[in-house]
>>> print(open('model.txt').read())   # compact mmCIF, C-alpha atoms
# COMPACT_ATOMS: atom_id res chain seq x y z
CA MET A 1 86.23 111.62 97.38
CA ILE A 2 82.90 113.42 97.08
CA ALA A 3 79.46 112.24 96.03
CA PRO A 4 78.22 114.83 93.49
CA PHE A 5 74.67 115.10 94.85
CA PHE A 6 74.60 118.92 94.69
CA LYS A 7 76.16 119.14 91.22
CA PHE A 8 73.60 116.76 89.76
CA GLY A 9 70.65 118.63 91.23
CA MET A 10 69.63 116.37 94.11
CA PHE A 11 69.23 119.46 96.28
CA GLY A 12 69.72 123.21 95.94
CA THR A 13 72.12 125.73 97.47
CA GLU A 14 70.14 126.31 100.68
CA ALA A 15 69.67 122.58 101.28
CA SER A 16 73.38 121.95 100.65
CA LEU A 17 74.27 124.41 103.42
CA VAL A 18 71.95 122.60 105.82
CA VAL A 19 73.42 119.22 104.84
CA ALA A 20 76.97 120.53 105.26
CA PHE A 21 76.10 121.98 108.68
CA VAL A 22 74.56 118.73 109.91
CA ILE A 23 77.45 116.62 108.60
CA GLY A 24 79.95 119.05 110.15
CA ILE A 25 78.26 118.88 113.55
CA GLY A 26 78.19 115.09 113.41
CA PHE A 27 81.82 114.88 112.32
CA GLY A 28 82.95 117.25 115.06
CA PHE A 29 80.94 115.36 117.69
CA MET A 30 82.58 112.07 116.72
CA LEU A 31 86.05 113.63 116.80
CA GLU A 32 85.44 115.07 120.25
CA ARG A 33 84.09 111.74 121.53
CA ALA A 34 87.24 110.08 120.20
CA GLY A 35 89.36 112.52 122.19
CA PHE A 36 90.62 114.42 119.16
CA GLY A 37 89.96 117.80 120.73
CA ASN A 38 92.90 117.36 123.12
CA ALA A 39 96.35 118.14 121.69
CA ARG A 40 98.10 116.03 124.34
CA LYS A 41 96.18 112.92 123.31
CA LEU A 42 96.85 113.62 119.65
CA ALA A 43 100.57 114.21 120.18
CA ALA A 44 100.83 110.99 122.22
CA GLN A 45 100.66 108.99 118.98
CA PHE A 46 104.11 110.24 118.00
CA TYR A 47 105.48 108.66 121.19
CA PHE A 48 103.50 105.40 120.63
CA GLN A 49 101.74 105.95 123.95
CA ASP A 50 98.21 106.51 122.63
CA LEU A 51 97.48 105.48 119.03
CA ARG A 52 93.78 106.26 118.96
CA VAL A 53 94.31 108.54 115.94
CA LEU A 54 95.65 105.63 113.90
CA LYS A 55 92.82 103.37 115.07
CA VAL A 56 90.04 105.85 114.34
CA MET A 57 91.42 106.86 110.94
CA PHE A 58 91.95 103.25 109.84
CA MET A 59 88.49 102.35 111.07
CA ALA A 60 87.00 105.23 109.06
CA ILE A 61 88.92 104.16 105.96
CA ILE A 62 87.91 100.51 106.00
CA THR A 63 84.31 101.28 107.03
CA ALA A 64 83.95 103.64 104.06
CA MET A 65 85.78 101.28 101.71
CA VAL A 66 83.81 98.12 102.44
CA GLY A 67 80.58 100.10 102.76
CA LEU A 68 80.97 101.77 99.37
CA TYR A 69 81.98 98.48 97.79
CA ALA A 70 78.95 96.65 99.19
CA LEU A 71 76.51 99.43 98.24
CA SER A 72 77.90 99.50 94.73
CA ARG A 73 77.71 95.73 94.29
CA VAL A 74 74.05 95.62 95.32
CA GLY A 75 73.23 98.43 92.88
CA PHE A 76 72.44 101.17 95.40
CA LEU A 77 75.43 103.37 94.53
CA ASP A 78 77.24 104.21 91.28
CA LEU A 79 80.90 104.66 92.18
CA SER A 80 81.70 106.10 88.77
CA LYS A 81 79.74 109.23 89.79
CA VAL A 82 81.78 109.81 92.95
CA TYR A 83 84.22 112.67 92.47
CA LEU A 84 87.91 111.92 92.97
CA VAL A 85 90.23 114.82 93.71
CA PRO A 86 92.82 115.01 90.89
CA THR A 87 96.32 113.89 91.88
CA LEU A 88 99.14 116.44 91.66
CA LEU A 89 102.02 114.25 92.80
CA VAL A 90 104.76 116.66 93.89
CA PRO A 91 102.44 119.34 95.39
CA ASP A 92 100.51 116.61 97.23
CA ILE A 93 103.72 115.21 98.73
CA VAL A 94 104.97 118.64 99.78
CA GLY A 95 101.56 119.56 101.20
CA GLY A 96 101.41 116.29 103.15
CA LEU A 97 104.85 116.93 104.65
CA LEU A 98 103.86 120.47 105.68
CA LEU A 99 100.63 119.20 107.22
CA GLY A 100 102.56 116.54 109.12
CA MET A 101 105.05 119.10 110.44
CA GLY A 102 102.22 121.32 111.61
CA PHE A 103 100.55 118.33 113.26
CA VAL A 104 103.73 117.43 115.16
CA ILE A 105 104.45 121.02 116.23
CA GLY A 106 100.94 122.14 117.10
CA GLY A 107 99.30 118.85 118.02
CA TYR A 108 96.32 119.43 115.71
CA CYS A 109 95.25 119.00 112.13
CA PRO A 110 92.71 121.46 110.62
CA GLY A 111 89.64 119.42 111.63
CA THR A 112 90.74 118.63 115.17
CA SER A 113 91.79 122.25 115.76
CA CYS A 114 88.22 123.38 114.97
CA VAL A 115 86.88 120.77 117.41
CA SER A 116 89.29 121.97 120.09
CA ALA A 117 88.45 125.64 119.51
CA SER A 118 84.69 124.95 119.64
CA THR A 119 85.10 123.35 123.06
CA GLY A 120 86.88 126.44 124.44
CA ARG A 121 90.52 125.34 124.36
CA VAL A 122 92.84 128.30 123.87
CA ASP A 123 95.51 126.34 121.98
CA GLY A 124 92.85 125.21 119.51
CA MET A 125 91.74 128.82 118.98
CA VAL A 126 95.32 129.90 118.34
CA TYR A 127 95.77 127.05 115.86
CA VAL A 128 92.57 128.01 114.00
CA ALA A 129 93.72 131.65 113.84
CA GLY A 130 97.03 130.50 112.40
CA MET A 131 95.21 128.31 109.89
CA PHE A 132 93.16 131.24 108.58
CA ALA A 133 96.28 133.43 108.45
CA GLY A 134 97.97 130.71 106.41
CA LEU A 135 95.01 130.55 104.02
CA VAL A 136 95.16 134.31 103.45
CA GLY A 137 98.93 134.15 102.95
CA PHE A 138 98.64 131.27 100.51
CA GLY A 139 96.04 133.20 98.53
CA GLU A 140 98.44 136.12 98.25
CA VAL A 141 101.45 134.10 97.07
CA TYR A 142 99.53 131.58 94.94
CA PRO A 143 99.96 133.51 91.64
CA LYS A 144 103.72 133.27 92.11
CA ILE A 145 103.75 129.54 92.93
CA LYS A 146 100.90 128.45 90.65
CA SER A 147 103.26 126.60 88.29
CA PHE A 148 104.57 124.55 91.22
CA ALA A 149 101.14 124.00 92.77
CA THR A 150 99.82 122.51 89.53
CA MET A 151 102.84 120.49 88.41
CA THR A 152 102.96 116.69 87.90
CA PRO A 153 99.21 116.25 87.28
CA MET A 154 98.13 112.60 87.17
CA GLY A 155 94.38 113.04 86.82
CA HIS A 156 91.73 111.14 88.75
CA LEU A 157 93.94 108.32 89.98
CA THR A 158 93.21 105.25 92.08
CA ILE A 159 95.67 102.66 93.38
CA ALA A 160 93.79 99.81 91.71
CA LYS A 161 93.75 101.58 88.36
CA TYR A 162 97.39 102.67 88.54
CA PHE A 163 98.74 99.23 89.43
CA ASP A 164 96.07 97.38 87.41
CA ILE A 165 94.90 95.18 90.28
CA PRO A 166 91.32 94.08 91.08
CA TYR A 167 89.41 96.49 93.30
CA GLY A 168 88.21 93.62 95.48
CA LEU A 169 91.79 92.52 96.14
CA LEU A 170 92.69 96.08 97.17
CA VAL A 171 89.72 96.26 99.58
CA PHE A 172 90.70 92.94 101.18
CA ALA A 173 94.38 93.99 101.44
CA VAL A 174 93.47 97.27 103.17
CA VAL A 175 91.20 95.45 105.65
CA VAL A 176 94.00 93.00 106.52
CA MET A 177 96.47 95.88 106.80
CA ALA A 178 94.12 97.79 109.11
CA LEU A 179 93.60 94.78 111.39
CA GLY A 180 97.36 94.31 111.53
CA ALA A 181 97.76 97.98 112.40
CA PHE A 182 95.21 97.64 115.24
CA VAL A 183 97.15 94.73 116.73
CA ALA A 184 100.47 96.59 116.34
CA ALA A 185 98.98 99.71 117.94
CA GLU A 186 97.78 97.80 121.00
CA TRP A 187 101.21 96.15 121.35
CA ALA A 188 102.97 99.56 121.12
CA GLU A 189 100.60 101.10 123.67
CA ARG A 190 101.33 98.23 126.07
CA LYS A 191 105.07 98.67 125.63
CA PHE A 192 105.38 102.46 125.59
CA GLY A 193 102.14 103.53 127.30
CA ASP A 194 100.70 102.71 130.68
CA GLY A 195 100.34 99.01 129.76
CA SER A 196 96.56 98.91 129.96
CA ALA A 197 95.87 98.91 126.22
CA GLY A 198 94.29 95.69 125.02
CA MET A 199 94.02 94.24 128.53
CA THR A 200 90.21 94.36 128.50
CA GLY A 201 88.05 94.41 125.42
CA GLY A 202 90.90 94.68 122.90
CA LEU A 203 92.19 92.40 120.19
CA LEU A 204 95.11 91.35 122.40
CA GLU A 205 92.98 90.52 125.44
CA SER A 206 94.36 87.37 127.08
CA THR A 207 91.04 85.51 127.10
CA ARG A 208 89.62 83.78 124.03
CA ARG A 209 86.12 85.21 124.32
CA LEU A 210 84.55 87.17 121.49
CA THR A 211 84.72 90.77 122.65
CA PRO A 212 82.81 93.47 120.74
CA VAL A 213 86.08 94.63 119.21
CA ARG A 214 86.89 91.13 117.98
CA ILE A 215 83.37 90.71 116.59
CA LEU A 216 83.76 93.97 114.67
CA ALA A 217 87.16 92.90 113.34
CA LEU A 218 85.71 89.55 112.26
CA GLY A 219 82.82 91.28 110.50
CA LEU A 220 85.19 93.57 108.61
CA LEU A 221 87.29 90.58 107.60
CA VAL A 222 84.20 88.81 106.24
CA LEU A 223 83.28 91.90 104.21
CA GLY A 224 86.84 92.03 102.91
CA LEU A 225 86.57 88.42 101.78
CA PHE A 226 83.27 89.26 100.07
CA ALA A 227 85.05 92.04 98.18
CA LEU A 228 87.87 89.68 97.24
CA VAL A 229 85.51 87.45 95.29
CA GLY A 230 82.85 90.04 94.42
CA GLY A 231 84.40 91.55 91.30
CA ASP A 232 84.62 95.13 90.05
CA PRO A 233 82.37 97.56 91.99
CA TYR A 234 82.28 100.10 89.17
CA ARG A 235 79.22 100.03 86.95
CA GLY A 236 78.93 101.24 83.41
CA ASN A 237 81.80 99.31 81.83
CA THR A 238 79.35 98.09 79.16
CA VAL A 239 76.71 100.44 77.81
CA SER A 240 73.40 99.61 76.15
CA ILE A 241 72.67 102.29 73.54
CA ASP A 242 69.18 103.23 72.42
CA PRO A 243 69.73 105.51 69.40
CA ARG A 244 66.02 106.35 69.15
CA ALA A 245 65.85 107.47 72.80
CA LEU A 246 68.98 109.60 72.35
CA ALA A 247 67.59 111.22 69.21
CA LEU A 248 64.23 111.96 70.85
CA SER A 249 65.83 113.51 73.94
CA ALA A 250 68.01 115.70 71.72
CA GLY A 251 64.98 116.73 69.64
CA ARG A 252 63.00 117.73 72.74
CA GLY A 253 65.79 120.08 73.80
CA VAL A 254 66.14 118.47 77.21
CA VAL A 255 69.90 118.24 76.73
CA LYS A 256 70.45 121.96 76.19
CA VAL A 257 71.60 124.72 78.53
CA SER A 258 70.70 128.29 77.66
CA PRO A 259 73.48 130.89 77.33
CA GLY A 260 71.89 132.92 80.12
CA ASP A 261 71.87 130.01 82.56
CA LEU A 262 75.49 129.19 81.74
CA ALA A 263 76.52 132.82 82.20
CA ASP A 264 74.78 132.97 85.58
CA SER A 265 76.64 129.83 86.68
CA ILE A 266 79.99 131.35 85.66
CA VAL A 267 79.28 134.67 87.39
CA LYS A 268 78.20 132.94 90.60
CA GLY A 269 81.36 130.81 90.54
CA THR A 270 79.43 127.63 91.37
CA GLU A 271 81.63 125.48 89.08
CA GLU A 272 78.47 123.55 88.30
CA PHE A 273 79.54 122.81 84.75
CA ARG A 274 82.72 121.68 83.06
CA ILE A 275 82.68 123.72 79.83
CA ILE A 276 84.32 122.24 76.73
CA ASP A 277 85.08 124.26 73.59
CA LEU A 278 85.04 121.91 70.58
CA ARG A 279 86.56 124.34 68.07
CA PRO A 280 90.14 124.23 66.74
CA ALA A 281 92.88 125.59 69.01
CA ALA A 282 93.34 128.77 66.93
CA ALA A 283 89.68 129.72 67.28
CA TYR A 284 89.78 128.90 71.00
CA ALA A 285 92.83 131.16 71.45
CA THR A 286 91.04 134.06 69.72
CA TYR A 287 88.10 133.91 72.11
CA HIS A 288 86.45 131.36 74.37
CA ILE A 289 83.84 131.37 77.07
CA PRO A 290 85.44 132.03 80.48
CA THR A 291 86.55 128.84 82.31
CA ALA A 292 86.12 126.74 79.12
CA GLU A 293 88.78 124.21 78.14
CA ASN A 294 89.67 123.27 74.58
CA ILE A 295 89.08 119.71 73.37
CA PRO A 296 88.59 119.77 69.58
CA LEU A 297 85.87 117.46 68.33
CA ALA A 298 88.39 115.23 66.53
CA ALA A 299 90.25 114.68 69.80
CA LEU A 300 87.18 114.07 71.96
CA ALA A 301 87.00 110.54 73.36
CA PRO A 302 84.73 108.96 75.98
CA ASP A 303 87.57 109.00 78.52
CA SER A 304 88.11 112.74 77.94
CA VAL A 305 85.29 113.34 80.40
CA SER A 306 84.85 111.74 83.78
CA SER A 307 81.41 110.31 84.47
CA ASP A 308 81.11 112.57 87.53
CA ASP A 309 81.47 115.69 85.36
CA LYS A 310 78.50 117.80 84.36
CA VAL A 311 79.60 118.89 80.91
CA VAL A 312 78.45 121.70 78.61
CA LEU A 313 79.63 121.36 75.01
CA TYR A 314 79.74 124.23 72.53
CA SER A 315 81.06 125.22 69.12
CA ASP A 316 80.09 127.95 66.65
CA SER A 317 76.69 126.27 66.24
CA ASP A 318 74.80 123.25 67.56
CA MET A 319 75.99 120.78 64.89
CA GLN A 320 79.43 119.88 66.29
CA ALA A 321 78.13 120.08 69.86
CA ALA A 322 75.41 117.55 68.99
CA GLN A 323 78.02 115.19 67.51
CA ALA A 324 80.12 115.46 70.68
CA TRP A 325 77.03 114.93 72.82
CA PHE A 326 76.25 111.67 71.00
CA ILE A 327 79.84 110.48 71.53
CA LEU A 328 79.62 111.03 75.28
CA ARG A 329 76.08 109.78 75.71
CA ALA A 330 76.79 106.65 73.70
CA SER A 331 79.62 105.90 76.15
CA GLY A 332 77.21 106.07 79.09
CA ASP A 333 77.76 109.67 80.23
CA ARG A 334 74.32 110.99 81.19
CA ALA A 335 75.46 114.45 82.35
CA ALA A 336 76.36 116.00 78.97
CA TYR A 337 74.58 119.13 77.70
CA ILE A 338 74.73 121.36 74.64
CA LEU A 339 74.97 125.15 74.79
CA ALA A 340 71.79 126.16 72.96
CA GLY A 341 72.69 128.11 69.81
CA GLY A 342 76.42 127.69 70.33
CA LEU A 343 78.86 130.57 70.49
CA ASP A 344 76.70 132.72 68.20
CA ALA A 345 73.87 132.62 70.72
CA TRP A 346 76.36 133.33 73.54
CA LYS A 347 77.38 136.55 71.75
CA ASP A 348 73.81 137.62 71.02
CA GLN A 349 72.29 136.87 74.41
CA VAL A 350 75.19 137.29 76.85
CA LEU A 351 77.97 139.49 75.44
CA TYR A 352 75.83 141.87 73.35
CA PRO A 353 72.26 141.88 74.70
CA VAL A 354 69.90 144.40 73.07
CA ARG A 355 67.81 146.78 75.17
CA PRO A 356 64.11 146.67 74.19
CA ALA A 357 62.90 149.79 72.33
CA LYS A 358 60.11 150.61 74.79
CA PRO A 359 60.65 148.32 77.75
CA THR A 360 58.15 147.83 80.52
CA GLY A 361 59.34 148.01 84.11
CA LEU A 362 59.93 144.26 84.28
CA GLU A 363 61.68 144.22 80.89
CA ALA A 364 63.96 147.09 81.93
CA ALA A 365 64.89 145.34 85.18
CA ALA A 366 65.58 142.08 83.32
CA PHE A 367 67.76 143.91 80.80
CA GLU A 368 69.78 145.63 83.52
CA LYS A 369 70.51 142.24 85.00
CA ARG A 370 71.63 140.89 81.62
CA ALA A 371 73.66 144.07 81.04
CA ALA A 372 75.49 143.59 84.35
CA VAL A 373 76.33 139.99 83.40
CA SER A 374 77.49 141.20 79.97
CA ARG A 375 79.89 143.74 81.47
CA TYR A 376 81.10 141.19 84.01
CA LEU A 377 82.06 138.81 81.20
CA GLY A 378 83.69 141.48 79.02
CA GLY A 379 80.76 142.26 76.72
CA THR A 380 78.89 145.47 75.85
CA PRO A 381 75.10 145.90 76.03
CA ARG A 382 73.50 147.53 72.95
CA ALA A 383 70.67 149.95 72.43
CA ALA A 384 67.60 148.94 70.46
CA GLY A 385 68.28 149.04 66.72
CA ALA A 386 71.98 149.71 67.22
CA SER A 387 74.74 147.73 65.55
CA SER A 388 77.13 145.76 67.71
CA ALA A 389 79.56 148.67 67.53
CA GLN A 390 77.04 151.06 69.13
CA PRO A 391 76.79 150.25 72.84
CA VAL A 392 73.90 151.24 75.01
CA GLU A 393 74.34 154.43 77.05
CA PRO A 394 76.42 153.81 80.20
CA ALA A 395 74.57 152.49 83.24
CA PRO A 396 75.70 152.71 86.88
CA ALA A 397 78.47 150.22 87.50
CA LEU A 398 77.51 147.22 89.60
CA ILE A 399 79.89 145.83 92.19
CA THR A 400 80.59 142.18 91.58
CA PRO A 401 81.35 139.82 94.48
CA VAL A 402 84.56 138.47 92.96
CA ALA A 403 86.96 139.40 90.21
CA PRO A 404 85.62 138.43 86.79
CA PRO A 405 87.04 135.27 85.22
CA SER A 406 89.98 136.01 82.98
CA ALA A 407 89.40 135.57 79.29
CA PRO A 408 91.00 137.03 76.15
CA ASP A 409 89.34 140.19 74.82
CA MET A 410 86.91 139.57 72.01
CA ALA A 411 86.71 141.95 69.08
CA ARG A 412 83.19 143.23 68.63
CA PRO A 413 81.63 142.24 65.31
CA LYS A 414 81.36 145.02 62.72
CA LYS A 415 77.90 144.13 61.47
CA ARG A 416 75.14 141.92 62.69
CA ALA A 417 73.64 141.47 59.23
CA ALA A 418 75.42 138.16 58.80
CA ARG A 419 76.59 135.54 61.26
CA GLU A 420 80.29 135.24 61.77
CA GLY A 421 82.68 132.72 63.20
CA CYS A 422 85.49 133.43 65.61
>>> encode(input="model.txt", output="structure tokens")
Amino acid sequence: MIAPFFKFGMFGTEASLVVAFVIGIGFGFMLERAGFGNARKLAAQFYFQDLRVLKVMFMAIITAMVGLYALSRVGFLDLSKVYLVPTLLVPDIVGGLLLGMGFVIGGYCPGTSCVSASTGRVDGMVYVAGMFAGLVGFGEVYPKIKSFATMTPMGHLTIAKYFDIPYGLLVFAVVVMALGAFVAAEWAERKFGDGSAGMTGGLLESTRRLTPVRILALGLLVLGLFALVGGDPYRGNTVSIDPRALALSAGRGVVKVSPGDLADSIVKGTEEFRIIDLRPAAAYATYHIPTAENIPLAALAPDSVSSDDKVVLYSDSDMQAAQAWFILRASGDRAAYILAGGLDAWKDQVLYPVRPAKPTGLEAAAFEKRAAVSRYLGGTPRAAGASSAQPVEPAPALITPVAPPSAPDMARPKKRAAREGC
């Protein structure tokens, strides 16, 4: 579950690296303070001698759950914008089993192994090395197992949505389950550990005084009860539409993305946009913008797009894209954009850019950049005054950082005198 702050422009690439670094340091510090940098302490959970992993993980889950619920109910947070990782049932189960086996054998999970390695433990360093070797190996075999790795897709799934139960009831049930797990963990540590667990300061302490742990448990229980009666935390179930405001924003062009900006995003591999091709399937199969998915206009529905998606819509021209934009915006989606000029503009500006007749130094440099993007995406730059079948003279090849996105070859248009479809 990820808050899409970067995708929606709250901060740029450099700031996102700083934020990630600070969060990573804080996360690692908390893991080390919890003792998660020691494989012996982590492995002790499988013998019911030290269940701190269960306690910390459950505490993190219920803290995040009740915190997000409360922030959403008071209007500070829009949960519908929080990204949920799509569920792939069978691959997720197999991956979980493999992770569990590695945890049992090595005593670490990926996060705790990094903590251990950063504190100088040799076993942690070996585990991290094995993790990177596994990543490289998986990258090599992925093309052969892609069909398995993407099977049984279930979309952005939540327990409450799948079983059709109130979100507040789920929050309360998880809080009760976590408190029960804390009590069971202390009992198991007393029985199978050294017997000191829960003797002082725990939930099972023999005295009736309110220890800090009991106060925390009581506070979480109160928040769970608040969620039980608080209703649905998701906003945006009902939408107030202002047709005039929508029309004015469309007229001002504030909802459009230029072909050049979209091409730059694809080349950089930022995955900033979810690109939707609104044309019929046959036209999509002939040619489509790399990474685009096909949802014909007639099949487009508000639930076709998640509210945490930043969507770019395109067709042969702006007309169908504008219709699709109104459908999504009228359903409350505020992150929908139109590709300015449609696929025709994409061809003119990205696939077949024209070199100026007598370019200045700045114009020549700008054209070379556009030419490199054109070649990257399978297009052909053109000389000034040339038809689309007459490419510009070859320029030195530029090395791209990654392999270009796969896309069907597009036949070059014979003449540019008239606009053509695909």
>>> atom_distance(input="model.txt", atom1="atom CA of A:Gly379", atom2="atom CA of A:Trp325")
27.9 Å
>>> atom_distance(input="model.txt", atom1="atom CA of A:Ser374", atom2="atom CA of A:Val350")
5.5 Å
>>> residues_around(input="model.txt", residues="stretch 134-147 of chain A", least_positions_apart="3", cutoff="12 Å", atoms="all atoms listed in the file", output="PyMOL selection string")
chain A and resi 88+90-91+98-99+102+110+127-131+150-153
>>> closest_residue(input="model.txt", among="A:Tyr167, A:Phe29, A:Phe326, A:Tyr287", to="A:Gly378", atoms="only C-alpha atoms")
A:Tyr287
>>> atom_distance(input="model.txt", atom1="atom CA of A:Val174", atom2="atom CA of A:Gly37")
27.2 Å
>>> residues_around(input="model.txt", residues="A:Ala336", least_positions_apart="2", cutoff="9 Å", atoms="only C-alpha atoms", output="short mmCIF file (atom, residue, chain, number, x, y, z; two decimals) with C-alpha atoms, in the frame of the given file")
data_model
loop_
_atom_site.label_atom_id
_atom_site.label_comp_id
_atom_site.auth_asym_id
_atom_site.auth_seq_id
_atom_site.Cartn_x
_atom_site.Cartn_y
_atom_site.Cartn_z
CA VAL A 255 69.90 118.24 76.73
CA LYS A 256 70.45 121.96 76.19
CA ASP A 309 81.47 115.69 85.36
CA LYS A 310 78.50 117.80 84.36
CA VAL A 311 79.60 118.89 80.91
CA VAL A 312 78.45 121.70 78.61
CA LEU A 313 79.63 121.36 75.01
CA TRP A 325 77.03 114.93 72.82
CA LEU A 328 79.62 111.03 75.28
CA ARG A 329 76.08 109.78 75.71
CA ASP A 333 77.76 109.67 80.23
CA ARG A 334 74.32 110.99 81.19
CA ILE A 338 74.73 121.36 74.64
#
>>> residues_around(input="model.txt", residues="stretch 112-125 of chain A", least_positions_apart="3", cutoff="12 Å", atoms="only C-alpha atoms", output="MDAnalysis selection string")
chainID A and resid 24:43 53 102:103 105:109 128:132
>>> residues_around(input="model.txt", residues="A:Ala188", least_positions_apart="6", cutoff="9 Å", atoms="all atoms listed in the file", output="list of chain:residue names")
A:Phe48, A:Gln49, A:Asp50, A:Leu51, A:Ala197
